[in-house]
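To start, the structure under review is shown below, and the notes come after it.
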Amino acid sequence: MDIKSIIEQLNLLPKGYISKKVIKGKEYYYLQYLEGGKIVSEYIRRTDLSRIKEQIEKRKELERVLKKFKNNHVFSLSGNSKSLTGYLMNEDNICAKFKNGSLVYIDENTAPLYIKRTRDIASYLSSRILDLSRPNARILLKQLGIDEKKEEYIALYAHGATIQDHYWFKALGSSKKYNDIRFDSDFFADIALKGKIMQLKGLGSPSPEFTNIGSFEKCWRKIDGEWWLYKAGKEDEIFSEYFVYKLAKSLNLPVAEYELDGEYIRSLNFADKYNFEPMFALAADNENYDFIFQLLFEIDKEIAKQYILLLWFDTIVYNLDRHNQNYGIMRDRRSGKIISLSPNFDNNLALLAYNKTLNQLPEKEQFINSFIKFVERNFEAKKLYIEIEFPLLTKEIIEVIFGEIPIKKDKEKITSFIINRFKYLSKRRVNL
């Protein structure tokens, strides 16, 4: 029995104790428990007495097991962890060494791109933590009794690990292996996604939620052995995310897999066999098209092409929210070789999220023309742009997609908006 099933059972069992009162020679039984600082008393019918007694005994036994579990699994940071003395690991291979936070060794082939750029382990760990502006993120830390002020320490409660790569921090003197620290439970998912209150204080079990970045309420769930990222949002945001996914897939563009699940949308972890590194690792906060293109062009011309294709598609679906944390590089997890640009993901702020009227003409819009001007002024980007065989986008493709999405939106207006943008880009490309 794991801790998740224990707490789920406890939430269903009555708490407190049974008291007996004798009134005029008759026995009456009550369930009494403390709530909000006051004793609550609930009458128990005789037909329910035996069942409730068994449930209370079951609760006591589960509480004893939970206490033992907590005593064995409380996770705290060692002195070497807090001084950032130890190793940055790629699975069970050392890719960098640090002493009191200073780099003393690096494997240039396999180390994270962020470490290669900055040599700074503290800021690397800080860049991996959950967004503390999310209310549910703060609820999670409070329920776990974690009151760390340094962001790198919060990341270390998950050993600095994330679902989307195989890097982690191993403190000097630790005997842990990657299999000891890799995530195998989604126990904290409902807190991270829904803000669910659970009795967790003192339980510091490593969780992928500690390093689940992004401003929307979200969580990782493990389903049939695979990790899915669940995200909350408004209806327009959920629709936009799912529609953009469907459109990219229909055009055979590289895209993360998405599904609707009730009121949420979920995406399958696309980095299970790779190391995903966000563009932030290479470029920090510089999102200039020319700057990013040059970085990628120097790595590989084909990856630079993939970047142009991503920007092209962003302009069609009006994704103004492309930033250096929601796309990046896929690397071979053993050799460190850069394989490709990451598949397209995180489009919930595209389309309807920023533009509910969809009434502007593409030729008068700054966003789409910024992309065109980038291609026109950048000699190498222009050559690659002309070489790319862009997919054909038709009204029929969009018609099929609308038939597959249960969320109802203005089909005619959205179709016209997207087709007009596609035609405008095609026309301007011919004139290059």
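Ordered as shown in the structure tokens, chains take letters A, B, and onward, while each chain numbers its residues from 1 and ligands are numbered from 1 in the order shown.
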Quick one: which range 273-299 of chain A residues come within 9 Å of range 335-348 of chain A, and what is the nearest atom pair for each with the distance in Å to one decimal, counting only C-alpha atoms, rows ordered by chain and ascending number, as JSON lines?
{"residue": "A:Asn275", "atom": "CA", "partner": "A:Gly336", "partner_atom": "CA", "distance": 8.2}
{"residue": "A:Phe276", "atom": "CA", "partner": "A:Ser342", "partner_atom": "CA", "distance": 7.2}
{"residue": "A:Glu277", "atom": "CA", "partner": "A:Ser342", "partner_atom": "CA", "distance": 8.5}
{"residue": "A:Pro278", "atom": "CA", "partner": "A:Ser342", "partner_atom": "CA", "distance": 8.5}
{"residue": "A:Ile299", "atom": "CA", "partner": "A:Ile338", "partner_atom": "CA", "distance": 8.1}
Selection file, C-alpha atoms, as a tab-separated table (two decimals), in the first residue's frame:
chain	number	residue	atom	x	y	z
A	275	ASN	CA	16.43	15.69	-22.81
A	276	PHE	CA	14.28	18.70	-23.58
A	277	GLU	CA	16.00	22.03	-22.96
A	278	PRO	CA	14.01	25.25	-23.36
A	299	ILE	CA	24.05	24.50	-34.59
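The list of residues with at least one atom within 10 Å of range 375-390 of chain A, based on only C-alpha atoms and without residues fewer than 5 positions apart in the same chain, reads Leu251, Leu253, Tyr289, Asp290, Phe293, Gln294, Phe297, Lys301, Glu302, Ala304, Lys305, Gln306, Tyr307, Ile308, Leu309, Trp312, Phe313, Asn369, Ser370, Ser426, Arg428, Arg429, Val430 and Leu432 of chain A.
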*From a DSSP pass on the backbone, collect the residues of range 93-334 of chain A flagged as alpha helix (DSSP H) and hand them back as a ChimeraX atom specification.*
/A:113-118,121-126,135-143,151-156,178-181,189-194,235-250,280-283,289-299,301-316
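Restricting the calculation to only C-alpha atoms, the smallest distance between Gly101 in chain A and any of A:Leu425, A:Ile129, A:Ala122, A:Ile163 is found for A:Ala122.
Distances here use only C-alpha atoms; by that measure, the residue among A:Ile94, A:Tyr167, A:Asp314, A:Glu27 closest to Leu247 in chain A is A:Asp314.
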*asked:* Show me, as a PyMOL selection string, the residues that have an atom within 9 Å of Asp285 in chain A when counting only C-alpha atoms, minus same-chain residues fewer than 4 positions from it.
replied: chain A and resi 279-280+323-324
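Neighbours of Leu393 in chain A closer than or equal to 8 Å, with only C-alpha atoms counted and sequence neighbours fewer than 3 positions away skipped, come out as Leu251, Ile397, Ile419 and Phe422 of chain A.
CA of Asp107 in chain A is found 11.9 Å from CA of Arg334 in chain A.
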Proximity of range 169-283 of chain A to range 399-402 of chain A: per-residue shortest pair, 9 Å limit, only C-alpha atoms, as JSON lines:
{"residue": "A:Phe243", "atom": "CA", "partner": "A:Ile401", "partner_atom": "CA", "distance": 7.2}
{"residue": "A:Lys246", "atom": "CA", "partner": "A:Ile401", "partner_atom": "CA", "distance": 6.4}
{"residue": "A:Leu247", "atom": "CA", "partner": "A:Ile401", "partner_atom": "CA", "distance": 7.1}
{"residue": "A:Ser250", "atom": "CA", "partner": "A:Ile401", "partner_atom": "CA", "distance": 8.4}
For the selection just defined, write its residues with N, CA and C atoms to a file, as a PDB file, in the first residue's frame.
ATOM      1  N   PHE A 243      -7.483  23.111 -30.717  1.00  0.00           N
ATOM      2  CA  PHE A 243      -7.627  23.398 -32.147  1.00  0.00           C
ATOM      3  C   PHE A 243      -6.260  23.511 -32.810  1.00  0.00           C
ATOM      4  N   LYS A 246      -4.754  20.116 -33.263  1.00  0.00           N
ATOM      5  CA  LYS A 246      -5.399  19.398 -34.361  1.00  0.00           C
ATOM      6  C   LYS A 246      -4.940  19.938 -35.721  1.00  0.00           C
ATOM      7  N   LEU A 247      -4.813  21.259 -35.826  1.00  0.00           N
ATOM      8  CA  LEU A 247      -4.393  21.862 -37.086  1.00  0.00           C
ATOM      9  C   LEU A 247      -2.953  21.477 -37.419  1.00  0.00           C
ATOM     10  N   SER A 250      -2.841  17.906 -38.543  1.00  0.00           N
ATOM     11  CA  SER A 250      -3.408  17.749 -39.888  1.00  0.00           C
ATOM     12  C   SER A 250      -2.429  18.194 -40.967  1.00  0.00           C
TER      13      SER A 250
END
*When DSSP works through the backbone of this structure, what residues of range 13-105 of chain A end up as strand (DSSP E or B), shown as a ChimeraX atom specification?*
/A:17-23,26-35,38-44,86-90,93-99,102-105
Restricted to C-alpha atoms, what would the selected residues look like written as a short mmCIF file (atom, residue, chain, number, x, y, z; two decimals), in the first residue's frame?
data_model
loop_
_atom_site.label_atom_id
_atom_site.label_comp_id
_atom_site.auth_asym_id
_atom_site.auth_seq_id
_atom_site.Cartn_x
_atom_site.Cartn_y
_atom_site.Cartn_z
CA TYR A 17 -14.39 8.35 18.52
CA ILE A 18 -17.70 6.82 19.62
CA SER A 19 -19.26 8.01 22.86
CA LYS A 20 -22.18 6.38 24.69
CA LYS A 21 -24.89 8.16 26.62
CA VAL A 22 -27.59 6.51 28.77
CA ILE A 23 -30.83 8.46 28.80
CA LYS A 26 -31.61 3.61 26.99
CA GLU A 27 -28.19 3.67 25.34
CA TYR A 28 -27.46 6.21 22.61
CA TYR A 29 -24.26 6.40 20.56
CA TYR A 30 -22.57 9.42 18.99
CA LEU A 31 -19.61 10.00 16.73
CA GLN A 32 -17.58 12.85 18.18
CA TYR A 33 -14.68 14.66 16.52
CA LEU A 34 -12.88 18.00 16.61
CA GLU A 35 -13.54 20.44 13.78
CA LYS A 38 -15.06 22.69 18.42
CA ILE A 39 -16.32 19.22 19.27
CA VAL A 40 -18.91 17.99 16.77
CA SER A 41 -21.33 15.25 17.81
CA GLU A 42 -23.30 13.14 15.30
CA TYR A 43 -25.95 10.60 16.30
CA ILE A 44 -25.31 6.99 15.24
CA GLY A 86 28.05 17.85 -5.45
CA TYR A 87 27.34 16.70 -8.95
CA LEU A 88 24.96 17.58 -11.73
CA MET A 89 23.94 14.21 -13.06
CA ASN A 90 22.60 13.02 -16.41
CA ASN A 93 26.55 9.97 -15.27
CA ILE A 94 28.32 13.05 -13.95
CA CYS A 95 28.14 15.97 -16.35
CA ALA A 96 29.34 18.73 -13.99
CA LYS A 97 30.86 19.12 -10.51
CA PHE A 98 30.35 21.99 -8.09
CA LYS A 99 31.99 23.06 -4.85
CA SER A 102 31.22 27.05 -8.13
CA LEU A 103 31.85 24.94 -11.20
CA VAL A 104 35.00 22.80 -10.93
CA TYR A 105 34.38 20.35 -13.81
#
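Within 9 Å of Glu259 in chain A, once only C-alpha atoms are used and residues closer than 6 positions along the same chain are dropped, the contacting residues are Tyr242, Ile265, Arg266, Ser267 and Leu268 of chain A.
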*Which residues come within 9 Å of Lys82 in chain A, counting only C-alpha atoms, excluding same-chain residues fewer than 5 positions away, as a list in words?*
Leu77, Asn100, Glu152, Tyr153, Leu156 and Ala171 of chain A
Next, write the just-selected residues to a file, as a JSON list (two decimals), in the first residue's frame, keeping N, CA and C atoms as the atom set.
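The file below, again26.json, is the result:
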[["chain", "number", "residue", "atom", "x", "y", "z"],
["A", 77, "LEU", "N", 16.95, 18.75, 3.21],
["A", 77, "LEU", "CA", 18.15, 19.06, 2.45],
["A", 77, "LEU", "C", 19.39, 18.92, 3.33],
["A", 100, "ASN", "N", 30.65, 24.38, -3.34],
["A", 100, "ASN", "CA", 30.05, 25.61, -2.81],
["A", 100, "ASN", "C", 29.46, 26.48, -3.92],
["A", 152, "GLU", "N", 16.44, 27.82, -5.42],
["A", 152, "GLU", "CA", 17.19, 26.61, -5.75],
["A", 152, "GLU", "C", 16.93, 25.50, -4.73],
["A", 153, "TYR", "N", 16.63, 25.87, -3.48],
["A", 153, "TYR", "CA", 16.33, 24.86, -2.47],
["A", 153, "TYR", "C", 15.00, 24.18, -2.75],
["A", 156, "LEU", "N", 15.51, 21.57, -5.15],
["A", 156, "LEU", "CA", 16.23, 20.43, -4.58],
["A", 156, "LEU", "C", 15.33, 19.49, -3.79],
["A", 171, "ALA", "N", 24.00, 15.51, -4.17],
["A", 171, "ALA", "CA", 24.88, 16.14, -3.18],
["A", 171, "ALA", "C", 26.08, 15.26, -2.89]]
*Within 7 Å of Leu282 in chain A, counting only C-alpha atoms, which residues show up once you throw out same-chain ones fewer than 3 positions away? Write them as a ChimeraX atom specification, please.*
/A:113-114,117,279
Would you save the residues from that selection as an mmCIF file, in the first residue's frame, using N, CA and C atoms?
data_model
loop_
_atom_site.group_PDB
_atom_site.id
_atom_site.type_symbol
_atom_site.label_atom_id
_atom_site.label_comp_id
_atom_site.auth_asym_id
_atom_site.auth_seq_id
_atom_site.Cartn_x
_atom_site.Cartn_y
_atom_site.Cartn_z
ATOM 1 N N LEU A 113 22.620 22.763 -21.536
ATOM 2 C CA LEU A 113 23.014 23.964 -22.281
ATOM 3 C C LEU A 113 23.052 25.189 -21.377
ATOM 4 N N TYR A 114 22.164 25.242 -20.403
ATOM 5 C CA TYR A 114 22.153 26.373 -19.473
ATOM 6 C C TYR A 114 23.464 26.436 -18.692
ATOM 7 N N ARG A 117 26.275 27.620 -20.779
ATOM 8 C CA ARG A 117 26.219 29.063 -21.038
ATOM 9 C C ARG A 117 26.587 29.889 -19.804
ATOM 10 N N MET A 279 14.522 27.026 -24.926
ATOM 11 C CA MET A 279 15.392 27.983 -25.604
ATOM 12 C C MET A 279 16.045 28.941 -24.609
#
*When distances are computed from only C-alpha atoms, which of A:Glu217, A:Glu257, A:Asp321, A:Asp224 shows the smallest separation from Leu351 in chain A?*
A:Asp321
